[in-house]
Amino acid sequence: MNAPVSPSVLAQKDVANHFHPYTNLRAIEKDAPLMIVAGDGIEVIDDTGKRYIEGMAGLWCASLGFSEKRLGEAAKRQMDVLPYYHSFSGKAHNVVAEVSEKLISMAPTQALRDGRVIFANSGSEANDTAFKLVHYYHNAIGKPAKKKIIARGKGYHGVTVASASLSGIPTMHQHFDLPIDGVLRTSCPHPYQFAKDGESPDQFATRLAAELEALILSEGPDTIGGFIVEPVQGAGGVIVPPPTYFEKIQPLLKKYEILFIADEVITGFGRTGNMFGSQTYSLEPDMLTTAKMITSAYVPFSALYVSGKIYQACADASATVGVFGHGYTYSGHPLGCAIALETLKIYEERDIVGHVRDVSPAFQAGLQKFADHPLVGDVRGVGLIGAVELAEDKQARKPFDPKRSVGAYLVRRAQEHGLILRAMGGDIIAFSPPLIITEPQIAELLRRFTKALDDTTAWIKSGA
Ligand SMILES: Cc1ncc(COP(=O)(O)O)c(C=O)c1O
C-alpha cells in the first residue's frame, strides 16, 4: 500500500496540474482546494477526516447521497456484461432500450410520452442538442427563418458554445466571445430583484409576459424558433418564478408557434416535490432536458425528451438525407443507462418524491426563519431547493458591494462548521441537499447555517 499522502501534498498536486472549472484560477493557487476523499450518506469527508453535510448535493445532483451501494453494484454488473456499446447506424443495446422505455413512461406530458428520448453525457450537451433540434425541426417543416432562441437573464444552461450562449450569466460570456448570434434575452422572473416597488407578483408576471411578447413581435414571430427556461433557475440564484408567470408565458409560445424547452437538469427527478418541475408548474414543453439526478450523478449521463411532433419531423427529414447527423460516441452509454435504471428503480421503491414532500415543509419553514434576520433580504424555495439572499439594506433591497464577498465569507464559515453551501452572484446562498436528507439532518444543516450567519454578522459589525 502507498504511504498516506499529506493533505498539503495532495492539494499541491491538484493545483499544479489541474485546470479547475468554475473557479478563480489565481485564488485557488493561493488558497488550495478542499480535497474530498470519501462520501457517506449526505456527508462528504476531506483528506483530514473532517465531515461536511453536503448542502448542495455536490452540484445539485447527488440525490441519493454519496454512498449508495446499489449503484456501485449495478455498475459492476453492467461492466462485467457489456461495458460499452453504441447506438449509431442500426445498432442499439438492451439497457438503452430499457431506460428509454422507462423514461418515456415517466414523462410528465402526453406530448413527450408520444415522443422519444435522445441521450448525451451532460446537461450542456443535452441543451446543445435541443438548440440544434430547434434548427433541424424548423428546416424540416419548411420554416428555415424560425431559428432564434429566447433565453432569460440569469439562466444557466451549460457551457458548450450553444448552451453557454443560452445562459444569461455574464462570466460565462466574458473572454469567450459569447453569446453566438441567434440568442435573444428576456428578463429574469426574480421578484425580489426585479419587481418594481409596489408591484404584486401577478403584476410583475404580466409585465414580463408583455415584455416577451413585445420582443417576439419586434424580432418577428417567424424568426423565433424556441424559448428555453429552467422551471426554477438554479445557478442564477434559485429563482422561483411568480405563481402566474408560466400561465402567462405559455399561451404566447403556442400563439407564435415557438418551441418550449424546459431545462430540467436541476428540477428533474424530484427536486421540487414532483418527479418533474414541469408538473410543479404545469408546463407543456416540446423538449425537456434531464441530467444530474437521472443517475444521482454517479456517472455522467443525460437525456433530452423530444415531443412526438418534433421527432416525426426529424425522422422525415433524416429519411430524405439518409441520416440524422447527430450523436455522441457515448450517447446511451451502457454504464449510464444501467445506473439511470437502478437510480429510477430506487426512486420508485423508496418513493423519493413522497419523501421530498414529507421533509420539504421542515426545510422551507426552517429557511423562512431567517427572513427576519438583519443580513437577509429574501428567502425562497420549493421542495428541497432554496436560497437565502443577503442584503446590506433589506428595506431598500440593496445588496452588499460585491467586492466585499459577503456570501463567499459566509460559505467559508459554513465550511468551518461542517456544512458545504454555495454562494451565487449577488450574495445568494443556495441550498440543494441530497433528496435522501431526513428531518433531523435538515435541523442540523440549519443549525450549522445559523452559526455561519452569526459569524458573518459579527464580521460585518466588526467593519472588516
Ligand atoms: C439548469 C441547468 N442546465 C444545464 C446545466 C449544465 O449541466 P452540465 O454541467 O451537466 O453540463 C446545469 C448545470 O448545473 C444546470 O443547472
# chains A, B, ... in the order shown; residues from 1 in each chain; ligands from 1
$ residues_around --residues "Arg413 in chain A" --least-positions-apart "3" --cutoff "8 Å" --atoms "only C-alpha atoms" --output "PyMOL selection string"
chain A and resi 409-410+416-417+452+455-456
$ write_last_selection --atoms "N, CA and C atoms" --output "PDB file, in the first residue's frame"
ATOM      1  N   TYR A 409     -17.733  34.804   2.198  1.00  0.00           N
ATOM      2  CA  TYR A 409     -17.294  34.702   3.589  1.00  0.00           C
ATOM      3  C   TYR A 409     -18.209  33.743   4.359  1.00  0.00           C
ATOM      4  N   LEU A 410     -19.523  33.923   4.163  1.00  0.00           N
ATOM      5  CA  LEU A 410     -20.481  33.071   4.871  1.00  0.00           C
ATOM      6  C   LEU A 410     -20.265  31.593   4.521  1.00  0.00           C
ATOM      7  N   GLU A 416     -16.298  25.811   7.762  1.00  0.00           N
ATOM      8  CA  GLU A 416     -15.659  25.623   9.079  1.00  0.00           C
ATOM      9  C   GLU A 416     -16.571  24.818   9.991  1.00  0.00           C
ATOM     10  N   HIS A 417     -17.880  25.113   9.905  1.00  0.00           N
ATOM     11  CA  HIS A 417     -18.840  24.441  10.789  1.00  0.00           C
ATOM     12  C   HIS A 417     -19.339  23.112  10.204  1.00  0.00           C
ATOM     13  N   ALA A 452     -22.938  30.013  10.885  1.00  0.00           N
ATOM     14  CA  ALA A 452     -22.196  30.735   9.843  1.00  0.00           C
ATOM     15  C   ALA A 452     -22.761  32.143   9.658  1.00  0.00           C
ATOM     16  N   ASP A 455     -21.591  34.252  12.559  1.00  0.00           N
ATOM     17  CA  ASP A 455     -20.186  34.649  12.338  1.00  0.00           C
ATOM     18  C   ASP A 455     -20.110  35.800  11.349  1.00  0.00           C
ATOM     19  N   THR A 456     -20.922  35.704  10.296  1.00  0.00           N
ATOM     20  CA  THR A 456     -20.885  36.727   9.242  1.00  0.00           C
ATOM     21  C   THR A 456     -21.398  38.062   9.793  1.00  0.00           C
TER      22      THR A 456
END
$ select_by_dssp --residues "range 197-368 of chain A" --states "helix (DSSP H, G or I)" --output "PDB file with C-alpha atoms, in the first residue's frame"
ATOM      1  CA  PRO A 201     -46.127  39.116  -8.136  1.00  0.00           C
ATOM      2  CA  ASP A 202     -49.003  38.865 -10.612  1.00  0.00           C
ATOM      3  CA  GLN A 203     -48.384  42.361 -11.997  1.00  0.00           C
ATOM      4  CA  PHE A 204     -44.701  41.525 -12.294  1.00  0.00           C
ATOM      5  CA  ALA A 205     -45.553  38.349 -14.231  1.00  0.00           C
ATOM      6  CA  THR A 206     -47.901  40.333 -16.501  1.00  0.00           C
ATOM      7  CA  ARG A 207     -45.164  42.852 -17.210  1.00  0.00           C
ATOM      8  CA  LEU A 208     -42.657  40.111 -18.086  1.00  0.00           C
ATOM      9  CA  ALA A 209     -45.154  38.387 -20.383  1.00  0.00           C
ATOM     10  CA  ALA A 210     -45.800  41.714 -22.139  1.00  0.00           C
ATOM     11  CA  GLU A 211     -42.062  42.240 -22.487  1.00  0.00           C
ATOM     12  CA  LEU A 212     -41.684  38.776 -24.009  1.00  0.00           C
ATOM     13  CA  GLU A 213     -44.491  39.381 -26.490  1.00  0.00           C
ATOM     14  CA  ALA A 214     -43.010  42.751 -27.450  1.00  0.00           C
ATOM     15  CA  LEU A 215     -39.665  41.043 -28.119  1.00  0.00           C
ATOM     16  CA  ILE A 216     -41.297  38.358 -30.255  1.00  0.00           C
ATOM     17  CA  LEU A 217     -43.191  40.979 -32.272  1.00  0.00           C
ATOM     18  CA  SER A 218     -40.229  43.292 -32.718  1.00  0.00           C
ATOM     19  CA  GLU A 219     -37.995  40.443 -33.945  1.00  0.00           C
ATOM     20  CA  PRO A 221     -42.577  35.735 -34.802  1.00  0.00           C
ATOM     21  CA  ASP A 222     -41.460  33.983 -37.983  1.00  0.00           C
ATOM     22  CA  THR A 223     -37.849  34.285 -36.811  1.00  0.00           C
ATOM     23  CA  TYR A 245     -45.623  33.577 -14.609  1.00  0.00           C
ATOM     24  CA  PHE A 246     -45.822  30.398 -16.660  1.00  0.00           C
ATOM     25  CA  GLU A 247     -49.576  30.600 -17.223  1.00  0.00           C
ATOM     26  CA  LYS A 248     -48.990  33.981 -18.857  1.00  0.00           C
ATOM     27  CA  ILE A 249     -45.944  32.916 -20.879  1.00  0.00           C
ATOM     28  CA  GLN A 250     -47.073  29.572 -22.288  1.00  0.00           C
ATOM     29  CA  PRO A 251     -50.017  30.856 -24.370  1.00  0.00           C
ATOM     30  CA  LEU A 252     -47.624  33.255 -26.132  1.00  0.00           C
ATOM     31  CA  LEU A 253     -45.388  30.372 -27.135  1.00  0.00           C
ATOM     32  CA  LYS A 254     -48.377  28.481 -28.519  1.00  0.00           C
ATOM     33  CA  LYS A 255     -49.739  31.576 -30.292  1.00  0.00           C
ATOM     34  CA  GLY A 277     -40.640  20.710 -12.333  1.00  0.00           C
ATOM     35  CA  SER A 278     -42.964  20.694 -15.350  1.00  0.00           C
ATOM     36  CA  GLN A 279     -45.568  19.064 -13.087  1.00  0.00           C
ATOM     37  CA  THR A 280     -44.990  21.577 -10.294  1.00  0.00           C
ATOM     38  CA  LYS A 292     -27.659  15.126 -12.890  1.00  0.00           C
ATOM     39  CA  MET A 293     -30.193  13.247 -10.703  1.00  0.00           C
ATOM     40  CA  ILE A 294     -31.033  10.842 -13.552  1.00  0.00           C
ATOM     41  CA  THR A 295     -28.072   8.804 -12.227  1.00  0.00           C
ATOM     42  CA  GLY A 308     -43.775  13.310 -30.986  1.00  0.00           C
ATOM     43  CA  LYS A 309     -44.270  16.329 -33.250  1.00  0.00           C
ATOM     44  CA  ILE A 310     -40.550  17.136 -33.303  1.00  0.00           C
ATOM     45  CA  TYR A 311     -39.438  13.533 -33.560  1.00  0.00           C
ATOM     46  CA  GLN A 312     -41.702  12.830 -36.546  1.00  0.00           C
ATOM     47  CA  ALA A 313     -40.486  15.905 -38.401  1.00  0.00           C
ATOM     48  CA  CYS A 314     -36.850  14.965 -37.753  1.00  0.00           C
ATOM     49  CA  ALA A 315     -37.479  11.366 -38.812  1.00  0.00           C
ATOM     50  CA  ASP A 316     -38.969  12.519 -42.131  1.00  0.00           C
ATOM     51  CA  ALA A 317     -36.079  14.908 -42.748  1.00  0.00           C
ATOM     52  CA  SER A 318     -33.442  12.300 -41.879  1.00  0.00           C
ATOM     53  CA  ALA A 319     -35.046   9.896 -44.332  1.00  0.00           C
ATOM     54  CA  THR A 320     -34.532  12.405 -47.139  1.00  0.00           C
ATOM     55  CA  VAL A 321     -30.833  12.978 -46.383  1.00  0.00           C
ATOM     56  CA  PRO A 334     -24.466   1.166 -21.180  1.00  0.00           C
ATOM     57  CA  LEU A 335     -22.972   2.248 -17.854  1.00  0.00           C
ATOM     58  CA  GLY A 336     -25.048   5.448 -17.780  1.00  0.00           C
ATOM     59  CA  CYS A 337     -28.168   3.525 -18.815  1.00  0.00           C
ATOM     60  CA  ALA A 338     -27.634   0.871 -16.122  1.00  0.00           C
ATOM     61  CA  ILE A 339     -27.070   3.456 -13.396  1.00  0.00           C
ATOM     62  CA  ALA A 340     -30.056   5.505 -14.558  1.00  0.00           C
ATOM     63  CA  LEU A 341     -32.259   2.391 -14.473  1.00  0.00           C
ATOM     64  CA  GLU A 342     -31.101   1.479 -10.977  1.00  0.00           C
ATOM     65  CA  THR A 343     -31.473   5.079  -9.757  1.00  0.00           C
ATOM     66  CA  LEU A 344     -35.023   5.330 -11.122  1.00  0.00           C
ATOM     67  CA  LYS A 345     -35.835   1.966  -9.529  1.00  0.00           C
ATOM     68  CA  ILE A 346     -34.586   3.217  -6.171  1.00  0.00           C
ATOM     69  CA  TYR A 347     -36.629   6.423  -6.548  1.00  0.00           C
ATOM     70  CA  GLU A 348     -39.736   4.307  -7.053  1.00  0.00           C
ATOM     71  CA  GLU A 349     -39.037   1.749  -4.352  1.00  0.00           C
ATOM     72  CA  ILE A 352     -38.338   9.608  -3.252  1.00  0.00           C
ATOM     73  CA  VAL A 353     -40.915  12.152  -4.424  1.00  0.00           C
ATOM     74  CA  GLY A 354     -43.087  11.307  -1.397  1.00  0.00           C
ATOM     75  CA  HIS A 355     -40.045  11.683   0.825  1.00  0.00           C
ATOM     76  CA  VAL A 356     -39.263  15.131  -0.639  1.00  0.00           C
ATOM     77  CA  ARG A 357     -42.871  16.151   0.007  1.00  0.00           C
ATOM     78  CA  ASP A 358     -42.646  14.860   3.576  1.00  0.00           C
ATOM     79  CA  VAL A 359     -39.451  16.647   4.559  1.00  0.00           C
ATOM     80  CA  SER A 360     -39.583  19.801   2.450  1.00  0.00           C
ATOM     81  CA  PRO A 361     -42.042  21.670   4.708  1.00  0.00           C
ATOM     82  CA  ALA A 362     -39.474  21.466   7.545  1.00  0.00           C
ATOM     83  CA  PHE A 363     -36.733  22.573   5.156  1.00  0.00           C
ATOM     84  CA  GLN A 364     -38.684  25.515   3.736  1.00  0.00           C
ATOM     85  CA  ALA A 365     -40.036  26.592   7.142  1.00  0.00           C
ATOM     86  CA  GLY A 366     -36.519  26.379   8.573  1.00  0.00           C
ATOM     87  CA  LEU A 367     -35.169  28.625   5.825  1.00  0.00           C
ATOM     88  CA  GLN A 368     -38.045  31.082   6.247  1.00  0.00           C
TER      89      GLN A 368
END
$ residues_around --residues "Gly153 in chain A" --least-positions-apart "5" --cutoff "9 Å" --atoms "only C-alpha atoms" --output "PDB file with N, CA and C atoms, in the first residue's frame"
ATOM      1  N   SER A 167     -27.201  30.659 -21.803  1.00  0.00           N
ATOM      2  CA  SER A 167     -27.106  31.071 -20.396  1.00  0.00           C
ATOM      3  C   SER A 167     -27.009  32.587 -20.314  1.00  0.00           C
ATOM      4  N   GLY A 168     -27.545  33.129 -19.239  1.00  0.00           N
ATOM      5  CA  GLY A 168     -27.593  34.592 -19.106  1.00  0.00           C
ATOM      6  C   GLY A 168     -26.749  35.093 -17.951  1.00  0.00           C
ATOM      7  N   ILE A 169     -25.550  34.516 -17.818  1.00  0.00           N
ATOM      8  CA  ILE A 169     -24.666  34.876 -16.708  1.00  0.00           C
ATOM      9  C   ILE A 169     -23.385  35.467 -17.310  1.00  0.00           C
ATOM     10  N   ARG A 185     -32.450  37.679 -25.424  1.00  0.00           N
ATOM     11  CA  ARG A 185     -32.565  37.632 -23.959  1.00  0.00           C
ATOM     12  C   ARG A 185     -33.848  38.320 -23.499  1.00  0.00           C
ATOM     13  N   THR A 186     -34.540  37.691 -22.572  1.00  0.00           N
ATOM     14  CA  THR A 186     -35.680  38.347 -21.927  1.00  0.00           C
ATOM     15  C   THR A 186     -35.466  38.313 -20.416  1.00  0.00           C
ATOM     16  N   SER A 187     -36.266  39.103 -19.702  1.00  0.00           N
ATOM     17  CA  SER A 187     -35.973  39.322 -18.273  1.00  0.00           C
ATOM     18  C   SER A 187     -36.188  38.092 -17.414  1.00  0.00           C
ATOM     19  N   CYS A 188     -35.456  38.105 -16.341  1.00  0.00           N
ATOM     20  CA  CYS A 188     -35.492  37.026 -15.368  1.00  0.00           C
ATOM     21  C   CYS A 188     -36.648  37.262 -14.381  1.00  0.00           C
ATOM     22  N   PRO A 189     -37.436  36.238 -14.101  1.00  0.00           N
ATOM     23  CA  PRO A 189     -38.604  36.433 -13.237  1.00  0.00           C
ATOM     24  C   PRO A 189     -38.261  36.376 -11.740  1.00  0.00           C
ATOM     25  N   GLY A 236     -28.451  30.805 -11.366  1.00  0.00           N
ATOM     26  CA  GLY A 236     -28.716  32.249 -11.368  1.00  0.00           C
ATOM     27  C   GLY A 236     -29.082  32.766  -9.991  1.00  0.00           C
TER      28      GLY A 236
END
$ residues_near_ligand --ligand "ligand 1" --cutoff "6 Å" --atoms "only C-alpha atoms and all ligand atoms" --output "list in words"
Ser122, Gly123, Ser124, Tyr156, His157, Gly158, Glu230, Gly234, Ala235, Asp263, Val265 and Ile266 of chain A
$ write_last_selection --atoms "all heavy atoms" --output "PDB file, in the first residue's frame"
ATOM      1  N   SER A 122     -24.121  15.054 -20.495  1.00  0.00           N
ATOM      2  CA  SER A 122     -24.178  16.177 -19.553  1.00  0.00           C
ATOM      3  C   SER A 122     -25.378  17.033 -19.904  1.00  0.00           C
ATOM      4  O   SER A 122     -25.947  16.921 -21.008  1.00  0.00           O
ATOM      5  CB  SER A 122     -22.916  17.029 -19.681  1.00  0.00           C
ATOM      6  OG  SER A 122     -22.895  17.641 -20.965  1.00  0.00           O
ATOM      7  N   GLY A 123     -25.705  17.911 -18.956  1.00  0.00           N
ATOM      8  CA  GLY A 123     -26.791  18.851 -19.207  1.00  0.00           C
ATOM      9  C   GLY A 123     -26.450  19.772 -20.367  1.00  0.00           C
ATOM     10  O   GLY A 123     -27.310  20.089 -21.200  1.00  0.00           O
ATOM     11  N   SER A 124     -25.193  20.210 -20.424  1.00  0.00           N
ATOM     12  CA  SER A 124     -24.768  21.107 -21.504  1.00  0.00           C
ATOM     13  C   SER A 124     -25.002  20.460 -22.863  1.00  0.00           C
ATOM     14  O   SER A 124     -25.539  21.082 -23.787  1.00  0.00           O
ATOM     15  CB  SER A 124     -23.277  21.425 -21.376  1.00  0.00           C
ATOM     16  OG  SER A 124     -22.973  21.986 -20.141  1.00  0.00           O
ATOM     17  N   TYR A 156     -29.167  29.438 -16.560  1.00  0.00           N
ATOM     18  CA  TYR A 156     -27.953  28.609 -16.653  1.00  0.00           C
ATOM     19  C   TYR A 156     -28.317  27.354 -17.428  1.00  0.00           C
ATOM     20  O   TYR A 156     -29.163  26.563 -16.987  1.00  0.00           O
ATOM     21  CB  TYR A 156     -27.406  28.235 -15.272  1.00  0.00           C
ATOM     22  CG  TYR A 156     -26.049  27.563 -15.382  1.00  0.00           C
ATOM     23  CD1 TYR A 156     -24.884  28.321 -15.368  1.00  0.00           C
ATOM     24  CD2 TYR A 156     -25.931  26.187 -15.573  1.00  0.00           C
ATOM     25  CE1 TYR A 156     -23.635  27.723 -15.524  1.00  0.00           C
ATOM     26  CE2 TYR A 156     -24.692  25.579 -15.730  1.00  0.00           C
ATOM     27  CZ  TYR A 156     -23.554  26.352 -15.696  1.00  0.00           C
ATOM     28  OH  TYR A 156     -22.314  25.767 -15.856  1.00  0.00           O
ATOM     29  N   HIS A 157     -27.663  27.180 -18.575  1.00  0.00           N
ATOM     30  CA  HIS A 157     -27.999  26.022 -19.401  1.00  0.00           C
ATOM     31  C   HIS A 157     -26.779  25.203 -19.777  1.00  0.00           C
ATOM     32  O   HIS A 157     -26.891  24.267 -20.568  1.00  0.00           O
ATOM     33  CB  HIS A 157     -28.756  26.485 -20.650  1.00  0.00           C
ATOM     34  CG  HIS A 157     -30.021  27.223 -20.328  1.00  0.00           C
ATOM     35  ND1 HIS A 157     -31.106  26.607 -19.727  1.00  0.00           N
ATOM     36  CD2 HIS A 157     -30.362  28.537 -20.454  1.00  0.00           C
ATOM     37  CE1 HIS A 157     -32.070  27.502 -19.534  1.00  0.00           C
ATOM     38  NE2 HIS A 157     -31.642  28.675 -19.950  1.00  0.00           N
ATOM     39  N   GLY A 158     -25.608  25.564 -19.224  1.00  0.00           N
ATOM     40  CA  GLY A 158     -24.430  24.758 -19.500  1.00  0.00           C
ATOM     41  C   GLY A 158     -23.345  25.562 -20.171  1.00  0.00           C
ATOM     42  O   GLY A 158     -23.442  26.789 -20.307  1.00  0.00           O
ATOM     43  N   GLU A 230     -35.461  27.304 -17.192  1.00  0.00           N
ATOM     44  CA  GLU A 230     -35.399  26.380 -16.067  1.00  0.00           C
ATOM     45  C   GLU A 230     -36.679  26.635 -15.258  1.00  0.00           C
ATOM     46  O   GLU A 230     -36.960  27.792 -14.933  1.00  0.00           O
ATOM     47  CB  GLU A 230     -34.220  26.712 -15.158  1.00  0.00           C
ATOM     48  CG  GLU A 230     -32.858  26.585 -15.777  1.00  0.00           C
ATOM     49  CD  GLU A 230     -31.855  27.487 -15.050  1.00  0.00           C
ATOM     50  OE1 GLU A 230     -31.361  27.103 -13.990  1.00  0.00           O
ATOM     51  OE2 GLU A 230     -31.579  28.596 -15.556  1.00  0.00           O
ATOM     52  N   GLY A 234     -31.554  27.760 -11.199  1.00  0.00           N
ATOM     53  CA  GLY A 234     -30.645  27.323 -10.151  1.00  0.00           C
ATOM     54  C   GLY A 234     -29.446  28.238  -9.978  1.00  0.00           C
ATOM     55  O   GLY A 234     -29.397  29.069  -9.071  1.00  0.00           O
ATOM     56  N   ALA A 235     -28.467  28.105 -10.883  1.00  0.00           N
ATOM     57  CA  ALA A 235     -27.201  28.812 -10.717  1.00  0.00           C
ATOM     58  C   ALA A 235     -27.361  30.330 -10.778  1.00  0.00           C
ATOM     59  O   ALA A 235     -26.510  31.061 -10.273  1.00  0.00           O
ATOM     60  CB  ALA A 235     -26.209  28.345 -11.783  1.00  0.00           C
ATOM     61  N   ASP A 263     -35.618  23.203 -19.316  1.00  0.00           N
ATOM     62  CA  ASP A 263     -34.323  22.682 -18.867  1.00  0.00           C
ATOM     63  C   ASP A 263     -34.514  22.192 -17.435  1.00  0.00           C
ATOM     64  O   ASP A 263     -34.517  22.965 -16.485  1.00  0.00           O
ATOM     65  CB  ASP A 263     -33.272  23.794 -18.950  1.00  0.00           C
ATOM     66  CG  ASP A 263     -31.906  23.341 -18.429  1.00  0.00           C
ATOM     67  OD1 ASP A 263     -31.842  22.276 -17.796  1.00  0.00           O
ATOM     68  OD2 ASP A 263     -30.924  24.072 -18.642  1.00  0.00           O
ATOM     69  N   VAL A 265     -32.549  20.086 -15.827  1.00  0.00           N
ATOM     70  CA  VAL A 265     -31.293  19.454 -15.387  1.00  0.00           C
ATOM     71  C   VAL A 265     -31.204  19.453 -13.855  1.00  0.00           C
ATOM     72  O   VAL A 265     -30.704  18.495 -13.261  1.00  0.00           O
ATOM     73  CB  VAL A 265     -30.093  20.158 -16.055  1.00  0.00           C
ATOM     74  CG1 VAL A 265     -28.777  19.776 -15.400  1.00  0.00           C
ATOM     75  CG2 VAL A 265     -30.051  19.818 -17.542  1.00  0.00           C
ATOM     76  N   ILE A 266     -31.727  20.479 -13.220  1.00  0.00           N
ATOM     77  CA  ILE A 266     -31.764  20.501 -11.748  1.00  0.00           C
ATOM     78  C   ILE A 266     -33.103  20.009 -11.216  1.00  0.00           C
ATOM     79  O   ILE A 266     -33.158  19.290 -10.217  1.00  0.00           O
ATOM     80  CB  ILE A 266     -31.520  21.944 -11.238  1.00  0.00           C
ATOM     81  CG1 ILE A 266     -30.049  22.327 -11.408  1.00  0.00           C
ATOM     82  CG2 ILE A 266     -31.932  22.084  -9.774  1.00  0.00           C
ATOM     83  CD1 ILE A 266     -29.715  23.722 -10.914  1.00  0.00           C
TER      84      ILE A 266
END
$ closest_residue --among "A:Val15, A:Val382, A:Ala62, A:Leu419" --to "Thr272 in chain A" --atoms "only C-alpha atoms"
A:Val382
